[in-house]
Amino acid sequence: MCAKVSRDNFHIPPGMRDWLPGEAYRKRELVNRLLAAISLWGYEEINTPLMEYYQVLLPGENLCGPDHLYKLTDRDGRILALRSEMTTPIARVISSKLPDQYPWRLMYGGEVFRYEEIQTGKQREFCQVGVELIGEEGPEADSEVLAIAIEALQAAGLDDFTISLGHTGVLKSLLENFTADEAQLNEVRNLLLEKDFVGLSGCLLTAGMEKGKVEKIMGFLTRQFSASELEQMENWDRAQANPEPGQADLPPELAEAFAGLRRTIQYLKLYGYERYIQVDLSTLRSQEYYTGMVFEIYAPGIGYPIGGGGRYDELLRYFGKDYAATGFALGVERILLSLPQDQEGAAASAQAPLLLVAGTDPQKVLRKAQEHRKAGRR
């Protein structure tokens with residue numbers, strides 16, 4: 001005989017949630033709309049297990065601090081973990097199960113788990129929809145994934161959003177004069193992730209960087225550039241790439257980052273999407289596998305990104321392959337929070353109305369209901 005269920009057993013773990021009727025429909029319908037928009041670009045769907053071996057998922061973690069993985073041990077003593085993002089598991093699949101017929105254009109929609117601080121719209125279980133473009137390098141590929149993200153959000157009903165575009169070359173330039181002290185390197189990275197510019201400036205000065213150089217770098221990190229403003233800085237890039245004696249006042253990685261972002265924006269202009277872009281060189285992603293262009297997407301009223309991604313040309317080496325790659329992930333729950341109320345209401349009412357078949361003859365009633373279902377009616 002089963003023991004009586006206590007009301008304490010009705011609780012669920014912190015950071016998880018139940019999706020009730022209506023809510024679950026809106027979420028599923030949004031996922032379907034996002035994937036449908038992405039598929040128009042020729043992307044094919046892929047999925048991976050919720051659970052992987054712990055070591056497989058490590059490249060997707062910020063190794064500067066504690067990882068956010070939910071870990072468990074199987075009966076054979078092996079350490080497992082729930083996936084905390086989709087890029088690393090897909091890299092494993094590409095390296096072990098797909099033929100070398102590049103490029104691969106892949107899309108996904110699924111749940112991920114991340115043990116982190118709980119906030120409104122920021123849970124420990126959440127759904128991501130995204131793409132991975134494997135085997136293509138350069139600004140054409142980067143602009144492709146940015147354009148797909150824009151069109152997917154438009155298909156979801158969003159048009160008021162901003163893509164904050166950055167480059168990992170900025171971090172490399174900051175570390176140029178640093179010692180090999182790992183703790184100090186991690187401090188710089190975390191300060192930049194947190195956008196703590198006061199702390200970052202002090203850290204750079206403590207590490208021995210000249211005050212004038214620190215002030216210049218802080219000026220770039222705290223300034224946001226529009227797409228058109230970035231284009232107007234082309235002469236500055238040339239001066240940095242081929243300086244006169246004594247004129248190279250910033251690290252070359254910073255000039256290279258500007259040049260790469262400019263080429264990406266030039267392609268985005270061909271799509272007509274440059275209005276969504278602002279360049280913010282302090283933009284950085286927590287995963288350490290990013291190697292070039294990175295971006296985060298923001299919507300009004302939401303204090304954290306609703307999506308993000310970038311280039312990760314070295315991740316597949318962890319699994320024995322060596323191919324360029326770029327991609328992004330969108331947070332489904334965060335998009336739901338970002339939708340205007342009229343859009344959210346439209347999504348709620350999009351489900352077909354429920355028909356009621358009534359009568360005195362059970363056989364006629366059942367057959368009539370069956371006819372309606374075969375015709376696609378609820």
# chains A, B, ... in the order shown; residues from 1 in each chain; ligands from 1
$ residues_around --residues "region 47-58 of chain A" --least-positions-apart "2" --cutoff "10 Å" --atoms "only C-alpha atoms" --output "ChimeraX atom specification"
/A:45,60-63,67-73,78-93,106-113,287,318-319
$ closest_residue --among "A:Ser39, A:Ser282, A:Gln363, A:Thr326" --to "His167 (chain A)" --atoms "only C-alpha atoms"
A:Ser282
$ closest_residue --among "A:Ile306, A:Leu330, A:Ala325, A:Val170" --to "Arg105 (chain A)" --atoms "only C-alpha atoms"
A:Ala325
$ residues_around --residues "Ile150 (chain A)" --least-positions-apart "4" --cutoff "8 Å" --atoms "only C-alpha atoms" --output "ChimeraX atom specification"
/A:146,154,273
$ residues_around --residues "Leu337 (chain A)" --least-positions-apart "5" --cutoff "12 Å" --atoms "only C-alpha atoms" --output "MDAnalysis selection string"
chainID A and resid 23 26:27 30 120:122 156:158 298:306 331:332 343:344
$ select_by_dssp --residues "region 280-334 of chain A" --states "strand (DSSP E)" --output "ChimeraX atom specification"
/A:280,293-298,307-311,325-331
$ residues_around --residues "Leu200 (chain A)" --least-positions-apart "4" --cutoff "8 Å" --atoms "only C-alpha atoms" --output "list in words"
Val188, Leu191, Leu192, Asp196 and Leu204 of chain A
$ atom_distance --atom1 "CA of Val31 (chain A)" --atom2 "CA of Leu284 (chain A)"
26.2 Å
$ select_by_dssp --residues "region 91-236 of chain A" --states "alpha helix (DSSP H)" --output "number ranges by chain"
A: 91-97, 139-156, 169-174, 182-193, 197-206, 211-221, 227-231, 234-236
$ residues_around --residues "Leu165 (chain A)" --least-positions-apart "6" --cutoff "12 Å" --atoms "only C-alpha atoms" --output "number ranges by chain"
A: 142-143, 146, 221, 224-227, 230, 257-258, 260-262, 264-265, 274, 276-285, 292-298, 308-311
$ residues_around --residues "Lys368 (chain A)" --least-positions-apart "6" --cutoff "12 Å" --atoms "only C-alpha atoms" --output "mmCIF file with C-alpha atoms, in the first residue's frame"
data_model
loop_
_atom_site.group_PDB
_atom_site.id
_atom_site.type_symbol
_atom_site.label_atom_id
_atom_site.label_comp_id
_atom_site.auth_asym_id
_atom_site.auth_seq_id
_atom_site.Cartn_x
_atom_site.Cartn_y
_atom_site.Cartn_z
ATOM 1 C CA LEU A 355 -16.250 22.617 -30.814
ATOM 2 C CA LEU A 356 -18.930 20.766 -28.867
ATOM 3 C CA VAL A 357 -20.868 18.035 -30.673
ATOM 4 C CA ALA A 358 -24.190 17.185 -29.029
ATOM 5 C CA GLY A 359 -27.160 14.975 -29.817
ATOM 6 C CA ASP A 361 -27.860 9.391 -30.819
ATOM 7 C CA PRO A 362 -24.430 8.364 -29.410
ATOM 8 C CA LYS A 374 -10.207 14.437 -39.355
ATOM 9 C CA ALA A 375 -10.913 17.899 -40.805
ATOM 10 C CA ARG A 377 -11.004 20.873 -35.911
#
$ closest_residue --among "A:Ile38, A:Asp76, A:Glu151, A:Phe126" --to "Tyr271 (chain A)" --atoms "only C-alpha atoms"
A:Glu151
